[in-house]
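Enquirer: What follows is upload_5.txt, made up of compact mmCIF, C-alpha atoms:
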# COMPACT_ATOMS: atom_id res chain seq x y z
CA MET A 111 106.44 123.72 136.62
CA LYS A 112 106.76 126.30 133.87
CA ILE A 113 107.81 125.15 130.39
CA LEU A 114 108.94 127.12 127.32
CA ILE A 115 108.65 125.43 123.92
CA THR A 116 110.60 127.04 121.06
CA ALA A 117 110.95 126.43 117.32
CA THR A 118 111.73 128.49 114.25
CA VAL A 119 108.04 128.93 113.38
CA MET A 120 104.79 128.65 115.32
CA SER A 121 103.25 126.25 112.80
CA HIS A 122 105.85 123.65 113.78
CA VAL A 123 104.84 123.88 117.44
CA ALA A 124 101.11 123.90 116.62
CA GLN A 125 101.37 120.91 114.31
CA PHE A 126 103.76 118.67 116.24
CA HIS A 127 103.70 119.48 119.96
CA LYS A 128 100.10 119.33 121.10
CA PRO A 129 100.68 115.84 122.62
CA LEU A 130 103.54 117.31 124.69
CA ALA A 131 101.35 120.19 125.86
CA LYS A 132 98.63 117.73 126.80
CA VAL A 133 101.08 115.78 128.99
CA LEU A 134 102.40 118.95 130.62
CA HIS A 135 98.94 120.33 131.35
CA ARG A 136 97.93 117.00 132.83
CA HIS A 137 100.73 117.50 135.36
CA GLY A 138 99.64 121.05 136.12
CA CYS A 139 102.42 122.77 134.15
CA MET A 140 102.22 126.21 132.57
CA VAL A 141 103.20 126.04 128.87
CA GLU A 142 104.52 129.01 126.88
CA VAL A 143 105.72 129.19 123.27
CA ALA A 144 108.35 131.32 121.52
CA ALA A 145 108.61 131.20 117.71
CA ARG A 146 108.11 133.32 114.60
CA ASP A 147 104.41 133.83 113.91
CA ASN A 148 103.45 132.24 110.58
CA LEU A 149 100.05 130.86 111.59
CA ALA A 150 98.18 133.12 109.16
CA GLU A 151 99.77 131.11 106.33
CA LYS A 152 98.56 127.77 107.77
CA ASN A 153 94.83 127.04 107.74
CA GLY A 154 93.52 125.29 110.81
CA LEU A 155 96.64 125.61 113.00
CA ASN A 156 96.59 127.51 116.28
CA LEU A 157 98.24 127.70 119.69
CA ASP A 158 95.13 128.17 121.78
CA TRP A 159 96.49 125.62 124.26
CA ALA A 160 99.49 127.82 125.25
CA GLU A 161 99.28 130.16 128.25
CA MET A 162 101.59 132.70 126.56
CA VAL A 163 102.90 133.01 122.99
CA TYR A 164 105.91 135.16 122.07
CA ASP A 165 106.52 136.23 118.48
CA VAL A 166 110.29 135.84 118.11
CA PRO A 167 111.86 136.53 114.66
CA PHE A 168 113.77 133.27 114.15
CA ALA A 169 114.99 132.68 110.59
CA ARG A 170 115.80 129.35 108.95
CA SER A 171 118.98 130.72 107.40
CA PRO A 172 121.94 130.85 109.82
CA LYS A 173 123.15 133.94 107.92
CA SER A 174 120.04 135.98 108.69
CA PRO A 175 120.55 138.92 111.10
CA SER A 176 117.04 138.18 112.40
CA ASN A 177 118.55 135.39 114.47
CA ILE A 178 120.64 137.93 116.40
CA THR A 179 117.44 139.81 117.23
CA ALA A 180 115.78 136.51 118.12
CA TYR A 181 118.67 135.62 120.42
CA LYS A 182 118.46 138.91 122.30
CA GLN A 183 114.69 138.73 122.62
CA LEU A 184 114.75 135.10 123.73
CA ARG A 185 117.48 135.83 126.26
CA ARG A 186 115.17 138.38 127.91
CA ILE A 187 112.22 135.99 127.82
CA ILE A 188 114.27 133.25 129.51
CA ARG A 189 115.74 135.63 132.09
CA ASN A 190 112.30 136.95 133.06
CA GLY A 191 110.39 133.67 132.68
CA HIS A 192 112.15 131.53 135.33
CA TYR A 193 111.39 128.33 133.43
CA ASP A 194 111.89 124.83 134.80
CA VAL A 195 112.37 123.34 131.30
CA ILE A 196 113.10 124.84 127.89
CA HIS A 197 112.19 122.47 125.06
CA CYS A 198 113.61 123.57 121.69
CA ASN A 199 113.04 122.25 118.18
CA THR A 200 114.14 122.77 114.56
CA PRO A 201 117.78 123.44 113.56
CA MET A 202 117.95 127.23 114.00
CA GLY A 203 115.36 127.26 116.77
CA GLY A 204 117.50 124.75 118.62
CA ILE A 205 120.76 126.63 118.08
CA VAL A 206 119.48 130.08 119.05
CA THR A 207 117.56 128.74 122.04
CA ARG A 208 120.47 126.77 123.43
CA LEU A 209 122.74 129.79 123.12
CA ALA A 210 120.17 132.02 124.81
CA ALA A 211 119.67 129.52 127.64
CA ARG A 212 123.37 129.34 128.58
CA GLY A 213 123.97 130.16 132.23
CA SER A 214 120.26 130.06 133.11
CA GLY A 215 120.55 126.81 135.02
CA THR A 216 117.41 125.58 133.26
CA ARG A 217 117.02 122.03 131.95
CA VAL A 218 117.23 122.21 128.15
CA ILE A 219 115.62 119.53 125.98
CA TYR A 220 116.20 119.43 122.22
CA THR A 221 114.12 117.26 119.89
CA ALA A 222 116.01 116.40 116.70
CA HIS A 223 113.40 115.84 114.01
CA GLY A 224 116.08 114.31 111.76
CA PHE A 225 119.79 115.12 111.75
CA HIS A 226 121.12 116.60 108.50
CA PHE A 227 124.04 114.18 108.82
CA TYR A 228 123.16 110.51 108.47
CA ARG A 229 124.15 107.37 106.64
CA GLY A 230 124.20 108.31 102.97
CA ALA A 231 124.32 112.09 103.52
CA SER A 232 126.88 114.15 101.61
CA ARG A 233 130.34 114.80 102.99
CA LYS A 234 129.46 118.50 103.02
CA ALA A 235 126.49 117.81 105.32
CA TRP A 236 128.72 115.89 107.71
CA MET A 237 131.41 118.59 107.65
CA ILE A 238 128.93 121.39 108.40
CA TYR A 239 126.16 119.97 110.55
CA TYR A 240 127.86 117.22 112.54
CA PRO A 241 130.38 119.43 114.40
CA ILE A 242 127.65 122.03 115.05
CA GLU A 243 125.37 119.49 116.71
CA LYS A 244 128.26 117.89 118.58
CA PHE A 245 129.06 121.29 120.11
CA PHE A 246 125.47 122.20 120.92
CA CYS A 247 124.85 118.86 122.62
CA ARG A 248 127.16 120.23 125.33
CA LEU A 249 124.48 122.84 125.98
CA THR A 250 121.72 120.22 126.06
CA SER A 251 120.42 118.35 129.10
CA THR A 252 118.41 115.79 127.11
CA LEU A 253 118.43 115.03 123.38
CA ILE A 254 115.27 113.41 122.00
CA THR A 255 115.46 111.57 118.66
CA ILE A 256 112.52 110.27 116.63
CA ASN A 257 114.28 107.58 114.64
CA ARG A 258 116.65 104.85 115.74
CA GLU A 259 119.48 105.72 113.35
CA ASP A 260 119.76 109.18 114.90
CA ARG A 261 119.48 107.74 118.40
CA ASP A 262 122.27 105.20 117.80
CA LEU A 263 124.52 107.84 116.22
CA ALA A 264 123.98 110.25 119.13
CA LYS A 265 124.69 107.57 121.72
CA ARG A 266 127.96 106.67 119.98
CA ARG A 267 129.25 110.16 119.22
CA PHE A 268 127.71 112.75 121.56
CA LYS A 269 128.08 113.20 125.30
CA VAL A 270 124.45 113.88 126.12
CA ASP A 271 121.55 112.01 127.69
CA THR A 272 119.69 110.63 124.65
CA GLU A 273 116.08 109.45 124.52
CA TYR A 274 113.99 107.95 121.71
CA ILE A 275 110.27 108.44 121.08
CA HIS A 276 107.98 107.21 118.30
CA GLY A 277 107.66 110.54 116.52
CA VAL A 278 105.49 113.48 117.50
CA GLY A 279 102.25 111.57 117.99
CA VAL A 280 99.40 111.27 115.50
CA ASP A 281 95.72 111.34 116.47
CA ALA A 282 94.90 107.75 115.53
CA SER A 283 91.14 108.35 115.80
CA ARG A 284 91.28 110.48 112.63
CA TYR A 285 92.60 107.57 110.60
CA ILE A 286 90.52 104.62 111.75
CA PRO A 287 90.50 102.16 108.83
CA GLU A 288 87.20 102.55 107.07
CA ARG A 289 86.51 101.86 103.43
CA PRO A 290 85.04 104.85 101.59
CA ASP A 291 81.36 104.84 100.71
CA ASP A 292 79.93 106.18 97.46
CA LYS A 293 79.12 109.51 99.12
CA LEU A 294 82.79 110.10 100.03
CA ARG A 295 83.97 109.04 96.57
CA ARG A 296 81.54 111.46 94.95
CA GLU A 297 82.62 114.23 97.34
CA LEU A 298 86.27 113.73 96.39
CA GLY A 299 85.54 113.13 92.70
CA VAL A 300 87.12 109.68 92.55
CA VAL A 301 84.22 107.40 91.68
CA GLY A 302 85.61 104.44 89.74
CA ARG A 303 89.23 105.43 90.37
CA ARG A 304 91.98 103.55 92.23
CA VAL A 305 93.65 106.23 94.30
CA ILE A 306 97.38 106.33 95.03
CA LEU A 307 98.16 109.11 97.49
CA ASN A 308 101.28 111.29 97.70
CA ILE A 309 101.58 113.88 100.48
CA GLY A 310 104.23 116.52 101.06
CA GLU A 311 105.49 119.97 100.23
CA LEU A 312 106.36 120.23 96.53
CA LEU A 313 110.13 120.40 96.88
CA PRO A 314 113.01 118.68 95.06
CA ASN A 315 113.75 116.59 98.17
CA LYS A 316 110.25 115.09 98.12
CA GLY A 317 110.79 113.59 94.66
CA GLN A 318 107.22 113.79 93.36
CA ARG A 319 108.61 113.69 89.81
CA PHE A 320 109.57 110.04 90.31
CA ALA A 321 106.01 109.14 91.30
CA ILE A 322 104.74 110.91 88.17
CA GLU A 323 107.29 109.04 86.03
CA ALA A 324 106.08 105.76 87.52
CA MET A 325 102.46 106.56 86.66
CA SER A 326 103.08 106.12 82.93
CA GLU A 327 103.60 102.39 83.49
CA VAL A 328 100.96 102.12 86.23
CA VAL A 329 98.30 103.65 83.97
CA ARG A 330 99.29 101.36 81.11
CA ARG A 331 98.37 98.40 83.33
CA HIS A 332 95.60 100.04 85.37
CA LYS A 333 93.82 102.70 83.33
CA ASN A 334 91.65 103.84 86.25
CA ALA A 335 94.64 104.52 88.56
CA LEU A 336 94.83 108.07 89.89
CA LEU A 337 97.83 109.68 91.63
CA VAL A 338 96.60 112.36 94.03
CA ILE A 339 99.35 114.80 95.09
CA ALA A 340 98.58 116.81 98.23
CA GLY A 341 100.75 119.81 99.05
CA ASN A 342 102.02 123.14 97.74
CA GLY A 343 105.51 124.36 96.99
CA PRO A 344 107.92 125.83 94.46
CA GLU A 345 108.03 122.68 92.31
CA ARG A 346 104.34 122.77 91.42
CA ASN A 347 104.72 124.43 88.01
CA ALA A 348 107.49 122.03 86.98
CA LEU A 349 105.48 119.01 88.13
CA GLU A 350 102.35 120.17 86.33
CA ALA A 351 104.43 120.65 83.18
CA GLN A 352 105.78 117.11 83.57
CA VAL A 353 102.23 115.77 83.82
CA ASN A 354 101.19 117.63 80.65
CA GLU A 355 104.27 116.51 78.71
CA THR A 356 103.68 112.84 79.58
CA ASP A 357 99.94 112.94 78.77
CA LEU A 358 98.93 112.10 82.35
CA THR A 359 96.49 114.95 82.96
CA ASP A 360 93.65 112.49 83.64
CA SER A 361 95.82 110.29 85.88
CA VAL A 362 97.51 112.82 88.19
CA ARG A 363 95.59 115.33 90.30
CA PHE A 364 97.06 118.17 92.39
CA ILE A 365 94.88 119.10 95.37
CA GLY A 366 97.19 121.61 97.08
CA TYR A 367 97.37 122.13 100.83
CA CYS A 368 94.65 119.97 102.36
CA THR A 369 93.12 119.98 105.85
CA CYS A 370 91.02 116.82 105.31
CA LEU A 371 93.72 114.29 104.51
CA GLU A 372 91.93 111.63 106.58
CA LYS A 373 89.26 111.55 103.84
CA TRP A 374 91.87 111.00 101.16
CA GLN A 375 93.55 108.31 103.27
CA ARG A 376 90.22 106.46 103.39
CA ALA A 377 89.72 106.83 99.66
CA ALA A 378 93.28 105.70 98.81
CA GLU A 379 94.50 102.15 98.49
CA MET A 380 98.14 102.99 99.15
CA LEU A 381 100.71 105.78 99.55
CA VAL A 382 103.78 106.49 97.45
CA ALA A 383 106.61 108.58 98.98
CA CYS A 384 109.78 109.35 97.03
CA SER A 385 111.85 111.60 99.32
CA ARG A 386 115.62 111.62 99.34
CA ARG A 387 115.72 112.55 103.05
CA GLU A 388 113.23 112.10 105.91
CA GLY A 389 113.44 112.18 109.69
CA LEU A 390 110.13 110.49 110.49
CA PRO A 391 107.45 111.31 107.91
CA LEU A 392 103.93 111.84 109.25
CA ASN A 393 102.38 111.01 105.88
CA VAL A 394 103.60 107.42 106.20
CA VAL A 395 102.44 107.17 109.83
CA GLU A 396 98.98 108.42 108.84
CA THR A 397 98.86 105.88 106.02
CA MET A 398 99.78 103.08 108.43
CA LEU A 399 97.07 104.17 110.87
CA SER A 400 94.63 104.14 107.94
CA GLY A 401 95.44 100.47 107.36
CA ASN A 402 97.13 101.10 104.01
CA PRO A 403 100.52 99.91 102.71
CA ALA A 404 103.15 102.32 101.38
CA VAL A 405 105.72 102.25 98.58
CA VAL A 406 108.62 104.40 99.76
CA SER A 407 112.14 105.41 98.77
CA ASP A 408 115.08 104.10 100.77
CA ASN A 409 115.97 106.61 103.49
CA ARG A 410 116.26 106.43 107.29
CA GLY A 411 112.80 107.82 108.03
CA HIS A 412 111.12 105.41 105.66
CA ARG A 413 113.23 102.48 106.90
CA GLU A 414 112.13 103.33 110.42
CA LEU A 415 108.47 102.92 109.49
CA VAL A 416 108.18 100.51 106.58
CA ASP A 417 109.20 96.86 106.86
CA ASP A 418 109.97 95.88 103.27
CA GLY A 419 107.60 93.19 102.06
CA VAL A 420 105.60 93.31 105.32
CA THR A 421 103.97 96.75 105.73
CA GLY A 422 104.87 98.02 102.27
CA PHE A 423 107.79 98.18 99.87
CA ILE A 424 111.10 100.07 99.99
CA VAL A 425 112.70 100.93 96.64
CA PRO A 426 115.92 102.75 95.68
CA HIS A 427 115.56 106.52 95.64
CA GLY A 428 114.72 107.80 92.17
CA ASP A 429 113.93 104.36 90.69
CA SER A 430 110.62 105.04 88.98
CA VAL A 431 110.63 101.57 87.37
CA ALA A 432 110.75 99.92 90.80
CA ILE A 433 108.08 102.31 92.10
CA ALA A 434 105.75 101.36 89.25
CA ASP A 435 106.40 97.65 89.77
CA ARG A 436 105.54 97.75 93.49
CA LEU A 437 102.47 99.94 92.97
CA CYS A 438 101.18 97.52 90.34
CA ARG A 439 101.82 94.56 92.63
CA LEU A 440 99.58 96.15 95.22
CA LEU A 441 96.93 97.12 92.69
CA ASP A 442 96.96 93.58 91.30
CA ASP A 443 96.67 91.72 94.60
CA GLY A 444 93.90 92.63 97.04
CA ASP A 445 94.98 89.98 99.56
CA LEU A 446 98.50 91.40 99.61
CA ARG A 447 97.15 94.93 100.20
CA THR A 448 95.03 93.68 103.08
CA ARG A 449 97.88 91.75 104.74
CA MET A 450 100.28 94.66 104.44
CA GLY A 451 97.64 97.15 105.55
CA ASP A 452 96.83 95.14 108.67
CA ALA A 453 100.53 94.85 109.55
CA ALA A 454 100.99 98.59 108.92
CA LEU A 455 98.12 99.47 111.26
CA SER A 456 99.52 97.28 114.03
CA LYS A 457 102.91 98.99 113.82
CA GLY A 458 101.40 102.43 113.28
CA LEU A 459 99.75 102.39 116.70
CA LEU A 460 103.22 102.77 118.25
CA TYR A 461 103.29 106.25 116.68
CA SER A 462 99.88 107.30 117.99
CA ALA A 463 99.55 110.37 120.19
CA GLU A 464 98.44 108.14 123.06
CA ASN A 465 101.69 106.14 123.00
CA VAL A 466 103.97 109.15 122.41
CA GLU A 467 102.36 110.96 125.34
CA LYS A 468 103.41 108.07 127.59
CA GLU A 469 106.98 108.29 126.29
CA LEU A 470 107.14 112.07 126.82
CA GLU A 471 105.71 111.68 130.29
CA HIS A 472 108.53 109.27 131.14
CA ILE A 473 111.17 111.73 129.88
CA TYR A 474 109.74 114.68 131.80
CA PHE A 475 108.53 113.06 134.99
CA GLN A 476 110.46 109.79 135.49
Using structure tokens, write down the structure from this file.

Expert:
Amino acid sequence: MKILITATVMSHVAQFHKPLAKVLHRHGCMVEVAARDNLAEKNGLNLDWAEMVYDVPFARSPKSPSNITAYKQLRRIIRNGHYDVIHCNTPMGGIVTRLAARGSGTRVIYTAHGFHFYRGASRKAWMIYYPIEKFFCRLTSTLITINREDRDLAKRRFKVDTEYIHGVGVDASRYIPERPDDKLRRELGVVGRRVILNIGELLPNKGQRFAIEAMSEVVRRHKNALLVIAGNGPERNALEAQVNETDLTDSVRFIGYCTCLEKWQRAAEMLVACSRREGLPLNVVETMLSGNPAVVSDNRGHRELVDDGVTGFIVPHGDSVAIADRLCRLLDDGDLRTRMGDAALSKGLLYSAENVEKELEHIYFQ
């Protein structure tokens, strides 16, 4: 079999689809990739497992003329490639690919990494994105969803074969629960600190400002608490200004884009995640596999992963008072952290690469 994997950018494929490639190669398949090349911007990501890689100028904006060029180029690739399966991802990658694959007779799989329309989404999101996806499901052989809310919605409203998998698969071996030794604490500069981890691109949707707001109360009760924010993005200057204005410069640390998050997961006691919208956040999965609880905002991706009061706490989006309260509960009670962390690890194994590979194998080769 010959498989083409597409997405808007190559970093998406490199970061999220290695488990799929592993399954396909195990079955003797040839795997090719078509996406816009942005790997130079992403340290440590590569596509050395693909037999062929095509640089196709997809754009995230539906208004970009680059997508017309991408469509024409992809149409030629599909016509000449004689693929058995085309597996597309990301909103514009999925749209352009499914249009280009029309009439090819090839099985088309689309993985939805989180619909833009969901319970609690704006009316505008439903008016724009829902009819688009409903139409494009007609050009889809199999729709894969990574959270149950999306799966249930698709089964009710779309006429397409719908499958569910536990995310994209995380290498569980990187996050084996292991308490940090003094050497690791010195390396990370957190000796004597109680680390609360926040991971994600610095964007308004990620809500890091609410975690920073919560730290004023957390630090009042636990002076050695440290919020470590991993990620880059356009909100960084505003967030750093917020930290300075609230006199939290010693209690909030920005570490930028990080390729050794497993070290920070070992050093942390918990994760805080404040997003308005998530499909299935890897930062929470990695925290679960590290045996740590999480305090998360109420959205479908977080609800999928966190069982409130069992593996962590779910709080209303934007409620910094509730965030501070739950973080302090965990800092106050070591037994509670341990119980929640053990329960999180048990559930997190469902999202391991090993388990997701089995689910993908069933979809492809059942």

Enquirer: Using only C-alpha atoms, tabulate the residues of segment 320-424 of chain A lying at most 12 Å from any atom of segment 451-470 of chain A, each with its closest atom pair and that distance in Å to one decimal, by chain and increasing residue number, as a tab-separated table.

Expert:
residue	atom	partner	partner_atom	distance
A:Ala378	CA	A:Gly451	CA	11.7
A:Glu379	CA	A:Gly451	CA	9.2
A:Met380	CA	A:Gly451	CA	8.7
A:Leu381	CA	A:Gly451	CA	10.9
A:Leu390	CA	A:Tyr461	CA	10.2
A:Pro391	CA	A:Tyr461	CA	10.9
A:Leu392	CA	A:Tyr461	CA	9.3
A:Asn393	CA	A:Gly458	CA	11.4
A:Val394	CA	A:Gly458	CA	8.9
A:Val395	CA	A:Gly458	CA	6.0
A:Glu396	CA	A:Gly458	CA	7.8
A:Thr397	CA	A:Ala454	CA	8.1
A:Met398	CA	A:Ala454	CA	4.7
A:Leu399	CA	A:Leu455	CA	4.8
A:Ser400	CA	A:Leu455	CA	6.7
A:Gly401	CA	A:Gly451	CA	4.4
A:Asn402	CA	A:Gly451	CA	4.3
A:Pro403	CA	A:Gly451	CA	4.9
A:Ala404	CA	A:Gly451	CA	8.6
A:Val405	CA	A:Gly451	CA	11.8
A:Glu414	CA	A:Lys457	CA	10.7
A:Leu415	CA	A:Gly458	CA	8.0
A:Val416	CA	A:Ala454	CA	7.8
A:Asp417	CA	A:Ala454	CA	8.6
A:Asp418	CA	A:Ala454	CA	11.0
A:Gly419	CA	A:Ala453	CA	10.4
A:Val420	CA	A:Ala453	CA	6.8
A:Thr421	CA	A:Ala454	CA	4.7
A:Gly422	CA	A:Ala454	CA	7.7
A:Phe423	CA	A:Ala454	CA	11.3

Enquirer: Neighbourhood query: residues within 12 Å of (115.2, 98.7, 94.9), file coordinates, counting only C-alpha atoms; return as a PyMOL selection string.

Expert: chain A and resi 405-409+418-419+423-436

Enquirer: Of the candidates A:Thr359, A:Asn308, A:Ser251, A:Asn354, which shows the shortest atom-to-atom distance to Leu337 of chain A, using all atoms listed in the file?

Expert: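 Ranking A:Thr359, A:Asn308, A:Ser251, A:Asn354 by distance to Leu337 of chain A, first place goes to A:Asn308.
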
Enquirer: Rounded to one decimal in Å, what is the spacing between atom CA of Asp291 of chain A and atom CA of Trp374 of chain A?

Expert: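 Spanning atom CA of Asp291 of chain A to atom CA of Trp374 of chain A is a straight-line distance of 12.2 Å.
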
Enquirer: Which of these, A:Ile238, A:Gly138, A:Glu273, A:Met111, has the shortest distance to Pro172 of chain A once you count all atoms listed in the file?

Expert: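 Result for the nearest residue to Pro172 of chain A: A:Ile238.
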
Enquirer: Report as a CSV table (one decimal) with C-alpha atoms, in the frame of the given file all protein, DNA and RNA residues lying within 6 Å of segment 149-156 of chain A, evaluated on all atoms listed in the file, omitting residues in the same chain fewer than 2 positions from it.

Expert:
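Written file, part17.csv:
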chain,number,residue,atom,x,y,z
A,121,SER,CA,103.2,126.2,112.8
A,124,ALA,CA,101.1,123.9,116.6
A,147,ASP,CA,104.4,133.8,113.9
A,158,ASP,CA,95.1,128.2,121.8

Enquirer: May I ask which of the residues A:Arg212, A:Arg319, A:Leu358, A:Ala351 is the closest one to Lys333 of chain A, counting all atoms listed in the file?

Expert: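 So, comparing all the options, the nearest one is A:Leu358.
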
Enquirer: List the spatial neighbours of Asn342 of chain A as a list of chain:residue names - criterion: any atom at most 6 Å away, all atoms listed in the file, same-chain residues fewer than 6 positions off excluded.

Expert: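 So the residues in contact are A:Glu311, A:Leu312, A:Gly366, A:Tyr367.
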
Enquirer: Interatomic distance between atom CA of Gln352 of chain A and atom CA of Pro314 of chain A?

Expert: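 One can read the atom CA of Gln352 of chain A to atom CA of Pro314 of chain A distance as 13.7 Å.
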
Enquirer: Identify, on the basis of all atoms listed in the file, every residue whose closest approach to Asn315 of chain A does not exceed 9 Å; exclude the query and any residue fewer than 4 positions from it along the same chain; express the result as a list of chain:residue names.

Expert: A:Cys384, A:Ser385, A:Arg386, A:Arg387, A:Glu388

Enquirer: Can you spit out the residues from that selection as an mmCIF file, keeping the file's coordinate frame, using C-alpha atoms?

Expert:
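File out15.cif, as written:
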data_model
loop_
_atom_site.group_PDB
_atom_site.id
_atom_site.type_symbol
_atom_site.label_atom_id
_atom_site.label_comp_id
_atom_site.auth_asym_id
_atom_site.auth_seq_id
_atom_site.Cartn_x
_atom_site.Cartn_y
_atom_site.Cartn_z
ATOM 1 C CA CYS A 384 109.780 109.350 97.030
ATOM 2 C CA SER A 385 111.850 111.600 99.320
ATOM 3 C CA ARG A 386 115.620 111.620 99.340
ATOM 4 C CA ARG A 387 115.720 112.550 103.050
ATOM 5 C CA GLU A 388 113.230 112.100 105.910
#

Enquirer: Point out the residue among A:Glu345, A:Glu323, A:Asp271, A:Glu259 with the least atom-to-atom distance to Tyr220 of chain A, counting only C-alpha atoms.

Expert: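 Using only C-alpha atoms, the shortest distance to Tyr220 of chain A belongs to A:Asp271.
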
Enquirer: Can you list, as a list in words, every protein, DNA or RNA residue that comes within 12 Å of Leu134 of chain A when you count only C-alpha atoms, leaving out same-chain residues fewer than 4 positions away?

Expert: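 The neighbour list is Met111, Lys112, Ile113, Leu114, Ile115, His127, Lys128, Pro129, Leu130, Gly138, Cys139, Met140, Val141, Glu142, Trp159, Ala160, Glu161, Asp194, Val195, His197, Glu467, Lys468, Leu470, Glu471, His472, Ile473, Tyr474 and Phe475 of chain A.
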
Enquirer: Generate N, CA and C atoms for segment 233-252 of chain A and emit them as a JSON list (two decimals), in the frame of the given file.

Expert:
[["chain", "number", "residue", "atom", "x", "y", "z"],
["A", 233, "ARG", "N", 129.21, 114.44, 102.13],
["A", 233, "ARG", "CA", 130.34, 114.80, 102.99],
["A", 233, "ARG", "C", 130.20, 116.23, 103.49],
["A", 234, "LYS", "N", 129.67, 117.11, 102.63],
["A", 234, "LYS", "CA", 129.46, 118.50, 103.02],
["A", 234, "LYS", "C", 128.52, 118.59, 104.22],
["A", 235, "ALA", "N", 127.44, 117.79, 104.21],
["A", 235, "ALA", "CA", 126.49, 117.81, 105.32],
["A", 235, "ALA", "C", 127.16, 117.36, 106.61],
["A", 236, "TRP", "N", 128.00, 116.35, 106.52],
["A", 236, "TRP", "CA", 128.72, 115.89, 107.71],
["A", 236, "TRP", "C", 129.71, 116.95, 108.19],
["A", 237, "MET", "N", 130.40, 117.60, 107.27],
["A", 237, "MET", "CA", 131.41, 118.59, 107.65],
["A", 237, "MET", "C", 130.78, 119.82, 108.31],
["A", 238, "ILE", "N", 129.57, 120.18, 107.87],
["A", 238, "ILE", "CA", 128.93, 121.39, 108.40],
["A", 238, "ILE", "C", 128.10, 121.08, 109.64],
["A", 239, "TYR", "N", 127.18, 120.14, 109.51],
["A", 239, "TYR", "CA", 126.16, 119.97, 110.55],
["A", 239, "TYR", "C", 126.61, 119.10, 111.72],
["A", 240, "TYR", "N", 127.45, 118.11, 111.45],
["A", 240, "TYR", "CA", 127.86, 117.22, 112.54],
["A", 240, "TYR", "C", 128.62, 117.96, 113.65],
["A", 241, "PRO", "N", 129.67, 118.74, 113.32],
["A", 241, "PRO", "CA", 130.38, 119.43, 114.40],
["A", 241, "PRO", "C", 129.51, 120.46, 115.13],
["A", 242, "ILE", "N", 128.56, 121.07, 114.41],
["A", 242, "ILE", "CA", 127.65, 122.03, 115.05],
["A", 242, "ILE", "C", 126.82, 121.32, 116.12],
["A", 243, "GLU", "N", 126.22, 120.20, 115.75],
["A", 243, "GLU", "CA", 125.37, 119.49, 116.71],
["A", 243, "GLU", "C", 126.19, 118.89, 117.84],
["A", 244, "LYS", "N", 127.40, 118.44, 117.53],
["A", 244, "LYS", "CA", 128.26, 117.89, 118.58],
["A", 244, "LYS", "C", 128.56, 118.96, 119.63],
["A", 245, "PHE", "N", 128.82, 120.19, 119.17],
["A", 245, "PHE", "CA", 129.06, 121.29, 120.11],
["A", 245, "PHE", "C", 127.81, 121.62, 120.91],
["A", 246, "PHE", "N", 126.68, 121.75, 120.22],
["A", 246, "PHE", "CA", 125.47, 122.20, 120.92],
["A", 246, "PHE", "C", 124.90, 121.13, 121.85],
["A", 247, "CYS", "N", 125.28, 119.88, 121.66],
["A", 247, "CYS", "CA", 124.85, 118.86, 122.62],
["A", 247, "CYS", "C", 125.46, 119.12, 123.99],
["A", 248, "ARG", "N", 126.57, 119.86, 124.03],
["A", 248, "ARG", "CA", 127.16, 120.23, 125.33],
["A", 248, "ARG", "C", 126.27, 121.20, 126.08],
["A", 249, "LEU", "N", 125.39, 121.89, 125.36],
["A", 249, "LEU", "CA", 124.48, 122.84, 125.98],
["A", 249, "LEU", "C", 123.09, 122.24, 126.16],
["A", 250, "THR", "N", 123.00, 120.92, 126.05],
["A", 250, "THR", "CA", 121.72, 120.22, 126.06],
["A", 250, "THR", "C", 121.66, 119.25, 127.24],
["A", 251, "SER", "N", 120.60, 119.30, 128.00],
["A", 251, "SER", "CA", 120.42, 118.35, 129.10],
["A", 251, "SER", "C", 119.95, 117.00, 128.59],
["A", 252, "THR", "N", 118.97, 117.02, 127.67],
["A", 252, "THR", "CA", 118.41, 115.79, 127.11],
["A", 252, "THR", "C", 118.18, 115.98, 125.62]]
